[in-house]
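K.L.:
Structure: my_file.cif, mmCIF, C-alpha atoms.
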data_input
#
loop_
_atom_site.label_atom_id
_atom_site.label_comp_id
_atom_site.auth_asym_id
_atom_site.auth_seq_id
_atom_site.Cartn_x
_atom_site.Cartn_y
_atom_site.Cartn_z
CA MET A 1 -18.81 -20.22 139.57
CA SER A 2 -18.41 -16.78 140.89
CA HIS A 3 -21.96 -15.74 140.10
CA LYS A 4 -23.36 -18.33 142.49
CA SER A 5 -22.48 -16.04 145.36
CA ASP A 6 -24.31 -13.18 143.67
CA PRO A 7 -27.96 -13.10 144.84
CA SER A 8 -29.08 -11.60 141.56
CA HIS A 9 -27.53 -14.51 139.68
CA LYS A 10 -29.34 -16.98 141.89
CA LEU A 11 -32.52 -15.09 141.25
CA ILE A 12 -32.03 -15.32 137.52
CA ASP A 13 -31.25 -19.03 137.76
CA LYS A 14 -34.50 -19.45 139.66
CA ASP A 15 -36.38 -17.38 137.11
CA LEU A 16 -34.95 -19.40 134.27
CA ALA A 17 -36.01 -22.62 135.94
CA ALA A 18 -39.51 -21.23 136.41
CA LEU A 19 -39.62 -20.01 132.83
CA PHE A 20 -38.71 -23.38 131.35
CA ASP A 21 -40.98 -25.23 133.75
CA ARG A 22 -43.93 -23.18 132.59
CA GLN A 23 -43.24 -23.70 128.91
CA GLU A 24 -45.94 -26.02 127.71
CA ILE A 25 -43.86 -28.29 125.59
CA THR A 26 -45.49 -31.60 124.83
CA VAL A 27 -44.47 -34.14 122.25
CA PRO A 28 -47.37 -34.89 119.90
CA LYS A 29 -48.67 -38.42 120.21
CA SER A 30 -48.16 -38.97 116.50
CA ILE A 31 -44.44 -38.36 116.93
CA ASP A 32 -44.35 -40.65 119.96
CA ASP A 33 -45.97 -43.37 117.88
CA ILE A 34 -43.52 -42.96 115.00
CA ILE A 35 -40.48 -43.13 117.22
CA LEU A 36 -41.66 -45.99 119.38
CA GLU A 37 -42.75 -47.94 116.33
CA ALA A 38 -39.32 -47.38 114.78
CA SER A 39 -37.65 -48.51 117.97
CA ARG A 40 -39.61 -51.76 117.93
CA GLN A 41 -39.26 -52.29 114.22
CA VAL A 42 -35.48 -52.44 114.35
CA GLN A 43 -35.69 -55.01 117.13
CA VAL A 44 -38.07 -57.20 115.18
CA ASP A 45 -36.18 -56.77 111.95
CA PRO A 46 -32.66 -55.72 112.91
CA SER A 47 -31.20 -56.24 109.47
CA PRO A 48 -32.48 -56.08 105.91
CA PRO A 49 -34.57 -59.14 105.18
CA VAL A 50 -32.66 -62.07 103.82
CA THR A 51 -34.60 -63.62 101.00
CA GLN A 52 -34.75 -67.35 100.55
CA PHE A 53 -32.70 -67.02 97.40
CA LYS A 54 -29.98 -65.00 99.13
CA LYS A 55 -29.95 -67.45 101.97
CA TYR A 56 -29.27 -70.37 99.67
CA SER A 57 -27.47 -68.53 96.90
CA PRO A 58 -24.05 -70.14 97.58
CA TRP A 59 -25.59 -73.58 97.20
CA PHE A 60 -27.41 -72.51 94.04
CA ALA A 61 -24.13 -71.28 92.63
CA ILE A 62 -22.31 -74.50 93.42
CA ALA A 63 -25.13 -76.61 91.97
CA ALA A 64 -25.21 -74.50 88.82
CA VAL A 65 -21.47 -74.91 88.31
CA LEU A 66 -21.73 -78.68 88.76
CA VAL A 67 -24.63 -78.97 86.32
CA LEU A 68 -22.82 -76.92 83.73
CA ALA A 69 -19.64 -78.92 84.20
CA VAL A 70 -21.45 -82.24 83.77
CA THR A 71 -23.48 -81.16 80.74
CA LEU A 72 -21.04 -78.98 78.90
CA GLY A 73 -17.82 -80.80 79.74
CA PRO A 74 -18.34 -83.80 77.42
CA LEU A 75 -19.65 -81.53 74.70
CA LEU A 76 -16.58 -79.37 74.88
CA LEU A 77 -14.33 -82.43 74.75
CA LYS A 78 -16.15 -83.73 71.69
CA ALA A 79 -16.41 -80.38 69.99
CA PRO A 80 -14.64 -80.04 66.65
CA GLN A 81 -11.30 -78.48 66.79
CA SER A 82 -11.01 -74.93 65.69
CA GLU A 83 -10.29 -74.18 62.11
CA THR A 84 -6.85 -72.85 62.81
CA GLN A 85 -6.02 -75.92 64.82
CA GLU A 86 -7.19 -78.20 62.03
CA LEU A 87 -5.20 -76.29 59.49
CA ARG A 88 -2.18 -76.40 61.69
CA GLU A 89 -2.49 -80.13 62.03
CA LEU A 90 -3.44 -80.92 58.46
CA SER A 91 -0.94 -80.07 55.84
CA PRO A 92 -1.86 -80.34 52.18
CA GLN A 93 0.09 -83.59 52.07
CA GLU A 94 -1.98 -84.96 54.91
CA ILE A 95 -5.14 -83.93 53.15
CA MET A 96 -4.01 -85.85 50.13
CA SER A 97 -3.13 -88.77 52.29
CA ILE A 98 -6.66 -88.84 53.67
CA LEU A 99 -7.98 -88.60 50.19
CA ALA A 100 -5.79 -91.40 48.94
CA ASN A 101 -6.45 -93.76 51.81
CA ASP A 102 -10.07 -93.14 52.59
CA THR A 103 -11.84 -91.61 49.71
CA GLY A 104 -9.62 -92.90 47.01
CA PRO A 105 -11.37 -96.18 46.37
CA ASN A 106 -14.73 -94.54 46.23
CA LEU A 107 -13.54 -91.87 43.94
CA ARG A 108 -11.71 -94.37 41.80
CA LYS A 109 -15.01 -95.93 40.98
CA PRO A 110 -16.57 -94.49 37.93
CA ALA A 111 -18.78 -91.87 39.36
CA ALA A 112 -21.07 -92.31 36.41
CA LYS A 113 -22.98 -94.95 38.34
CA SER A 114 -24.44 -92.50 40.68
CA PHE A 115 -23.44 -89.10 39.54
CA PRO A 116 -24.17 -88.78 35.81
CA ASN A 117 -27.79 -89.70 36.17
CA SER A 118 -28.25 -86.99 38.65
CA VAL A 119 -26.62 -84.39 36.53
CA PRO A 120 -29.21 -81.86 35.46
CA VAL A 121 -29.91 -81.41 31.81
CA SER A 122 -28.58 -77.95 31.97
CA ILE A 123 -25.20 -79.15 32.82
CA ALA A 124 -25.30 -82.39 30.86
CA ASP A 125 -22.97 -80.88 28.32
CA THR A 126 -20.27 -81.11 30.90
CA SER A 127 -20.49 -84.87 30.82
CA LEU A 128 -17.42 -85.10 28.68
CA GLU A 129 -15.43 -83.26 31.20
CA PHE A 130 -16.92 -85.36 33.93
CA GLU A 131 -16.06 -88.59 32.16
CA ALA A 132 -12.54 -87.45 31.61
CA VAL A 133 -11.96 -86.49 35.16
CA SER A 134 -13.65 -89.47 36.69
CA ARG A 135 -11.56 -91.87 34.70
CA SER A 136 -8.34 -90.14 35.46
CA PRO A 137 -6.10 -91.48 38.27
CA LEU A 138 -7.24 -90.45 41.64
CA PRO A 139 -5.16 -87.89 43.42
CA SER A 140 -2.64 -89.19 45.80
CA SER A 141 0.18 -87.75 47.79
CA ALA A 142 2.50 -88.74 44.99
CA ASP A 143 0.29 -87.38 42.29
CA SER A 144 1.72 -84.30 40.76
CA THR A 145 -1.73 -82.96 39.93
CA PHE A 146 -2.60 -82.66 43.58
CA PRO A 147 -1.15 -80.50 46.23
CA SER A 148 2.46 -80.86 47.01
CA GLN A 149 5.00 -78.59 48.56
CA SER A 150 5.65 -77.06 45.15
CA ASN A 151 2.06 -76.25 44.31
CA GLU A 152 0.83 -75.57 47.80
CA ASP A 153 -0.16 -72.06 46.84
CA GLU A 154 -2.47 -73.44 44.19
CA PHE A 155 -4.55 -75.08 46.92
CA GLY A 156 -4.23 -72.33 49.41
CA TYR A 157 -7.98 -71.86 49.31
CA ARG A 158 -8.28 -75.02 51.37
CA LYS A 159 -6.72 -73.30 54.34
CA SER A 160 -10.03 -71.68 55.09
CA ARG A 161 -13.42 -73.35 54.96
CA GLY A 162 -14.93 -70.16 53.64
CA THR A 163 -12.55 -69.79 50.73
CA TRP A 164 -12.73 -73.50 50.05
CA LEU A 165 -16.50 -73.39 49.73
CA ARG A 166 -16.32 -70.29 47.58
CA LYS A 167 -13.88 -72.11 45.36
CA ILE A 168 -16.31 -75.02 45.06
CA GLN A 169 -19.12 -72.62 44.32
CA LYS A 170 -17.00 -71.02 41.63
CA LEU A 171 -16.34 -74.44 40.12
CA VAL A 172 -20.06 -75.08 39.98
CA LEU A 173 -20.73 -71.76 38.38
CA THR A 174 -18.08 -72.40 35.77
CA LYS A 175 -19.62 -75.81 35.06
CA GLN A 176 -16.63 -77.73 36.37
CA LEU A 177 -18.94 -80.04 38.20
CA TYR A 178 -16.65 -82.99 38.65
CA LYS A 179 -13.94 -80.84 40.18
CA ALA A 180 -16.57 -79.30 42.36
CA LYS A 181 -17.75 -82.74 43.43
CA VAL A 182 -14.23 -83.89 44.21
CA GLU A 183 -13.49 -80.76 46.15
CA TYR A 184 -16.75 -80.97 48.04
CA ASP A 185 -16.26 -84.63 48.94
CA LEU A 186 -12.79 -83.80 50.16
CA PHE A 187 -14.16 -80.85 52.08
CA ARG A 188 -16.71 -83.08 53.76
CA LYS A 189 -14.10 -85.66 54.64
CA ILE A 190 -12.05 -83.06 56.41
CA HIS A 191 -14.93 -81.03 57.82
CA PRO A 192 -17.67 -83.58 58.34
CA THR A 193 -19.56 -81.55 60.92
CA TYR A 194 -19.16 -78.13 59.38
CA ARG A 195 -22.50 -76.55 58.64
CA SER A 196 -22.95 -74.34 55.65
CA GLY A 197 -25.79 -73.32 53.43
CA PHE A 198 -23.88 -74.48 50.37
CA LYS A 199 -25.05 -77.58 48.52
CA LEU A 200 -23.87 -79.11 45.31
CA PRO A 201 -26.44 -79.05 42.53
CA GLU A 202 -27.94 -82.48 42.01
CA MET B 1 -37.52 -57.55 131.09
CA GLY B 2 -35.82 -55.41 133.69
CA ASP B 3 -36.96 -53.34 136.63
CA TYR B 4 -37.02 -50.18 134.58
CA PRO B 5 -37.69 -47.50 137.24
CA THR B 6 -34.54 -48.47 139.09
CA MET B 7 -32.40 -48.64 135.97
CA ASP B 8 -30.31 -45.66 134.98
CA ASP B 9 -30.20 -44.32 131.45
CA ALA B 10 -27.08 -46.23 130.47
CA GLN B 11 -28.56 -49.52 131.65
CA LEU B 12 -31.75 -48.86 129.72
CA MET B 13 -29.86 -48.00 126.58
CA LEU B 14 -27.74 -51.14 126.85
CA ALA B 15 -30.86 -53.18 127.47
CA TYR B 16 -32.41 -51.70 124.36
CA ALA B 17 -29.29 -52.35 122.33
CA SER B 18 -29.46 -55.98 123.40
CA GLY B 19 -33.04 -56.32 122.16
CA ASP B 20 -35.31 -55.01 124.92
CA ALA B 21 -37.68 -52.64 123.12
CA ASP B 22 -39.53 -51.74 126.31
CA ALA B 23 -36.35 -50.29 127.78
CA PHE B 24 -36.28 -47.74 124.99
CA GLU B 25 -39.83 -46.64 125.75
CA VAL B 26 -38.84 -45.84 129.33
CA LEU B 27 -35.74 -44.01 128.17
CA TYR B 28 -37.70 -42.06 125.61
CA GLY B 29 -40.27 -41.07 128.21
CA ARG B 30 -37.56 -39.70 130.46
CA HIS B 31 -35.92 -37.43 127.90
CA LYS B 32 -38.44 -36.54 125.23
CA ARG B 33 -39.76 -33.35 126.76
CA ALA B 34 -36.36 -31.89 127.61
CA LEU B 35 -35.04 -32.68 124.17
CA LEU B 36 -37.97 -31.11 122.34
CA GLN B 37 -37.82 -28.07 124.59
CA TYR B 38 -34.10 -27.67 123.97
CA MET B 39 -34.55 -27.92 120.22
CA THR B 40 -37.55 -25.61 120.14
CA ASN B 41 -35.78 -22.94 122.16
CA SER B 42 -32.68 -23.35 120.03
CA CYS B 43 -34.17 -23.11 116.55
CA GLY B 44 -37.24 -21.03 117.38
CA SER B 45 -39.71 -23.10 115.39
CA GLU B 46 -41.91 -25.83 116.77
CA ALA B 47 -42.37 -27.46 113.37
CA ILE B 48 -38.66 -27.59 112.58
CA ALA B 49 -37.89 -28.66 116.11
CA SER B 50 -40.37 -31.54 115.85
CA GLU B 51 -38.79 -32.71 112.63
CA MET B 52 -35.31 -32.58 114.07
CA PHE B 53 -36.55 -34.22 117.26
CA GLN B 54 -37.62 -37.27 115.25
CA ASP B 55 -34.31 -37.33 113.43
CA VAL B 56 -32.41 -37.32 116.69
CA TRP B 57 -34.34 -40.24 118.13
CA LEU B 58 -34.03 -42.20 114.92
CA LYS B 59 -30.28 -41.68 115.13
CA VAL B 60 -30.37 -42.97 118.67
CA ILE B 61 -32.29 -46.02 117.50
CA ASN B 62 -30.02 -46.71 114.57
CA GLY B 63 -26.91 -46.00 116.59
CA ARG B 64 -27.92 -48.16 119.54
CA ASP B 65 -24.98 -50.47 118.98
CA THR B 66 -22.51 -47.59 119.04
CA TYR B 67 -23.56 -46.31 122.44
CA GLN B 68 -20.85 -46.72 125.05
CA ALA B 69 -21.93 -47.19 128.63
CA HIS B 70 -19.13 -45.08 130.10
CA SER B 71 -20.61 -42.01 128.39
CA PRO B 72 -23.70 -40.52 130.07
CA PHE B 73 -26.75 -41.14 127.90
CA ASN B 74 -27.95 -37.57 128.42
CA ALA B 75 -24.72 -36.15 127.00
CA TRP B 76 -24.79 -38.57 124.07
CA LEU B 77 -28.40 -37.69 123.26
CA PHE B 78 -27.86 -33.94 123.37
CA ARG B 79 -24.64 -34.20 121.40
CA ILE B 80 -26.62 -35.84 118.62
CA ALA B 81 -29.24 -33.10 118.93
CA ARG B 82 -26.63 -30.38 118.77
CA HIS B 83 -25.11 -31.85 115.61
CA ARG B 84 -28.58 -31.99 114.11
CA LEU B 85 -29.06 -28.32 114.90
CA ILE B 86 -25.75 -27.48 113.27
CA ASP B 87 -26.83 -29.39 110.16
CA HIS B 88 -30.04 -27.38 110.20
CA TYR B 89 -28.18 -24.09 110.35
CA ARG B 90 -25.94 -25.15 107.49
CA SER B 91 -28.89 -26.24 105.39
CA GLN B 92 -30.31 -22.77 105.88
CA GLY B 93 -27.13 -21.33 104.42
CA ARG B 94 -26.13 -19.92 107.76
CA VAL B 95 -22.86 -20.35 109.55
CA PRO B 96 -23.68 -22.50 112.56
CA PRO B 97 -23.79 -19.97 115.37
CA MET B 98 -22.40 -22.56 117.71
CA GLU B 99 -19.07 -22.65 115.95
CA ASN B 100 -16.12 -20.28 116.07
CA ILE B 101 -17.86 -17.54 117.86
CA ASN B 102 -16.56 -15.02 120.33
CA ASP B 103 -18.58 -15.41 123.48
CA ASP B 104 -18.83 -11.70 123.99
CA THR B 105 -20.06 -10.75 120.58
CA THR B 106 -23.61 -9.84 119.91
CA LYS B 107 -23.34 -10.12 116.14
CA ASN B 108 -24.43 -13.73 116.09
CA VAL B 109 -27.57 -13.41 118.07
CA LEU B 110 -30.10 -15.78 116.60
CA GLN B 111 -33.20 -13.88 115.65
CA PHE B 112 -36.24 -16.03 116.22
CA SER B 113 -38.75 -15.99 113.44
CA HIS B 114 -41.30 -17.70 115.62
CA SER B 115 -41.68 -17.82 119.31
CA PRO B 116 -41.87 -21.30 120.83
CA LEU B 117 -44.58 -19.92 123.06
CA THR B 118 -48.03 -19.09 121.82
CA PRO B 119 -49.35 -15.60 122.54
CA GLU B 120 -51.70 -17.12 125.08
CA GLN B 121 -48.83 -18.81 126.83
CA LEU B 122 -46.79 -15.66 126.81
CA ALA B 123 -49.68 -13.73 128.24
CA SER B 124 -50.13 -16.26 130.97
CA ILE B 125 -46.67 -15.96 132.38
CA ASN B 126 -45.79 -13.06 134.53
CA GLN B 127 -44.09 -9.93 133.33
CA ARG B 128 -40.69 -10.86 134.65
CA GLU B 129 -40.66 -14.25 132.94
CA ASN B 130 -41.72 -12.60 129.72
CA GLU B 131 -38.87 -10.16 129.98
CA LEU B 132 -36.49 -12.95 130.86
CA TYR B 133 -37.59 -14.95 127.85
CA ASN B 134 -37.02 -12.01 125.52
CA ALA B 135 -33.66 -11.35 127.08
CA LEU B 136 -32.70 -14.97 126.60
CA GLN B 137 -33.34 -14.67 122.86
CA GLN B 138 -30.84 -11.82 122.71
CA LEU B 139 -27.96 -13.91 124.00
CA PRO B 140 -25.23 -15.12 121.66
CA GLU B 141 -26.00 -18.67 120.60
CA VAL B 142 -23.16 -20.31 122.46
CA GLN B 143 -24.21 -18.66 125.69
CA ARG B 144 -27.85 -19.46 125.17
CA GLU B 145 -26.91 -23.04 124.32
CA ALA B 146 -25.11 -23.35 127.63
CA VAL B 147 -28.08 -21.89 129.49
CA LEU B 148 -30.52 -24.25 127.77
CA LEU B 149 -28.42 -27.31 128.47
CA ARG B 150 -27.99 -26.20 132.05
CA HIS B 151 -31.62 -25.41 132.81
CA ILE B 152 -33.58 -27.60 130.42
CA ALA B 153 -31.41 -30.70 130.26
CA GLY B 154 -30.24 -30.22 133.84
CA MET B 155 -26.65 -30.88 132.92
CA SER B 156 -23.57 -30.28 134.99
CA ILE B 157 -20.74 -28.08 133.72
CA ALA B 158 -18.78 -31.19 132.77
CA GLU B 159 -21.71 -32.66 130.88
CA ILE B 160 -22.28 -29.44 128.96
CA ALA B 161 -18.58 -29.32 128.12
CA SER B 162 -18.84 -32.89 126.84
CA VAL B 163 -21.84 -32.09 124.66
CA VAL B 164 -20.38 -28.87 123.28
CA GLU B 165 -16.96 -30.49 122.99
CA THR B 166 -15.08 -27.78 124.75
CA GLY B 167 -13.47 -27.23 128.12
CA THR B 168 -15.29 -26.79 131.40
CA GLU B 169 -13.73 -23.38 131.96
CA THR B 170 -15.17 -22.19 128.68
CA ILE B 171 -18.61 -23.37 129.73
CA LYS B 172 -18.29 -21.62 133.08
CA SER B 173 -17.31 -18.45 131.27
CA ARG B 174 -20.24 -18.69 128.87
CA LEU B 175 -22.71 -19.21 131.68
CA ARG B 176 -21.26 -16.32 133.64
CA TYR B 177 -21.49 -13.98 130.68
CA ALA B 178 -25.02 -15.18 129.95
CA ILE B 179 -26.30 -14.56 133.43
CA SER B 180 -24.64 -11.16 133.59
CA LYS B 181 -26.23 -10.12 130.32
CA LEU B 182 -29.61 -11.39 131.36
CA ARG B 183 -29.36 -9.42 134.58
CA THR B 184 -28.32 -6.30 132.72
CA MET B 185 -31.11 -6.65 130.19
CA LEU B 186 -33.68 -7.26 132.89
CA GLU B 187 -32.47 -4.19 134.76
CA VAL B 188 -32.74 -2.10 131.63
CA LEU B 189 -36.21 -3.42 130.94
CA SER B 190 -37.39 -2.83 134.45
#
Is it possible to express this structure as structure tokens?

P.N.:
Amino acid sequence: MSHKSDPSHKLIDKDLAALFDRQEITVPKSIDDIILEASRQVQVDPSPPVTQFKKYSPWFAIAAVLVLAVTLGPLLLKAPQSETQELRELSPQEIMSILANDTGPNLRKPAAKSFPNSVPVSIADTSLEFEAVSRSPLPSSADSTFPSQSNEDEFGYRKSRGTWLRKIQKLVLTKQLYKAKVEYDLFRKIHPTYRSGFKLPE
Amino acid sequence: MGDYPTMDDAQLMLAYASGDADAFEVLYGRHKRALLQYMTNSCGSEAIASEMFQDVWLKVINGRDTYQAHSPFNAWLFRIARHRLIDHYRSQGRVPPMENINDDTTKNVLQFSHSPLTPEQLASINQRENELYNALQQLPEVQREAVLLRHIAGMSIAEIASVVETGTETIKSRLRYAISKLRTMLEVLS
């Protein structure tokens, strides 16, 4: 630097050194403590604390998946098929086949043995209708009174459990108790596990 | 545990980064006064300087793993301090006087609101030092910054250039202008 050869520059350099030397600058002890404590703290705890849960969280996750798979897997396999799947698999003809093969013999029996006695007085006047229906031939796949391809629309309410139950309810309200009973028994054959608040009047 | 008195700054910093907390205490003891003095003379307020002083050391602590041994610790420390000062100026809504400034202008002279020296201290120093101190405050910031780093931090031209992130010739020029102005001001005063 050119000013180094200038005596006045050297004098000013010397004065500056003296000036800064005489400045009474001291770091407060409280600041020393804060900084030194911080410097030690990061050495003791260099990273955010890892909780026990975080430490073992991958194992918890794996265990939880296994427990859920073991407990829910069988339940899902046994779970009833969805309504749409059932309806896709069960045509009206198949429903009638179930009715003819499984429930037919029971329904062929005169229902009077168990049913008429339980009919409330209020609906006892429907006994004639009941007798007539109970003695009539049971529906079968060949029976023209039951669903076939030609009258499929007539039994369209069976495509949905909700509409089917409403239909049964309507039958009860209109005092067609035997039809309601037949429909409800059929409903229960096809949807044995379906839960609803609806119950046939005893 | 190392033999701290014989260790240079870089060795101490590396020792601290590898887990030796005592190494930091030695390093801190070596540089704390110069750093606080530099910041106090730069911003003109002991309270603000103390706050920024803590921030700088906390950045050193948190950035211990980023320190590179080939860079002088002194330059690294004062570069952090300078950036902290620039942040301070910006937070005050002022254009950092250290940036984009013509060395020869006097428009960006930082006006001190508070003197870093108490009246008693000022009275205790001789007349010439008092005049020198006042003259120093009238320097453009970039020139004063160079003077402070030169005389307080004891840095070489190359180290100052590294801290200020400019060329060595620029630093030489700033120091030359600063000394010339100080001489002129002292002559006028006397």

K.L.:
Kindly extract all protein, DNA and RNA residues lying within 10 Å of the coordinates (-33.4, -15.9, 129.4) given in the file, considering only C-alpha atoms, and supply them as an MDAnalysis selection string.

P.N.:
(chainID A and resid 12:13 15:17 19:20) or (chainID B and resid 129:139 144 147:148 178:179 181:183 185:186)

K.L.:
Quick check: residues of chain A within 8 Å of chain B, only C-alpha atoms, returned as a ChimeraX atom specification.

P.N.:
/A:1-3,8-9,12-13,15-20,22-27,31,35-36,38-40,42-43

K.L.:
Using the chain letters and residue numbers of this document, give as JSON, numbers by chain the residues selected by the PyMOL selection byres ((chain A and resi 180) around 9).

P.N.:
{"A": [167, 168, 169, 170, 171, 172, 175, 176, 177, 178, 179, 181, 182, 183, 184, 185, 200]}

K.L.:
How many Å separate atom CA of His88 of chain B from atom CA of Ala69 of chain B?

P.N.:
28.2 Å

K.L.:
Using atom CA of Ile160 of chain B and atom CA of Gln68 of chain B as the two end points, give the distance in Å to one decimal.

P.N.:
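Between these atoms lies a distance of 17.8 Å.
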
K.L.:
Between atom CA of Tyr194 of chain A and atom CA of Gly73 of chain A, what is the distance, to one decimal in Å?

P.N.:
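Separating atom CA of Tyr194 of chain A from atom CA of Gly73 of chain A is a distance of 20.6 Å.
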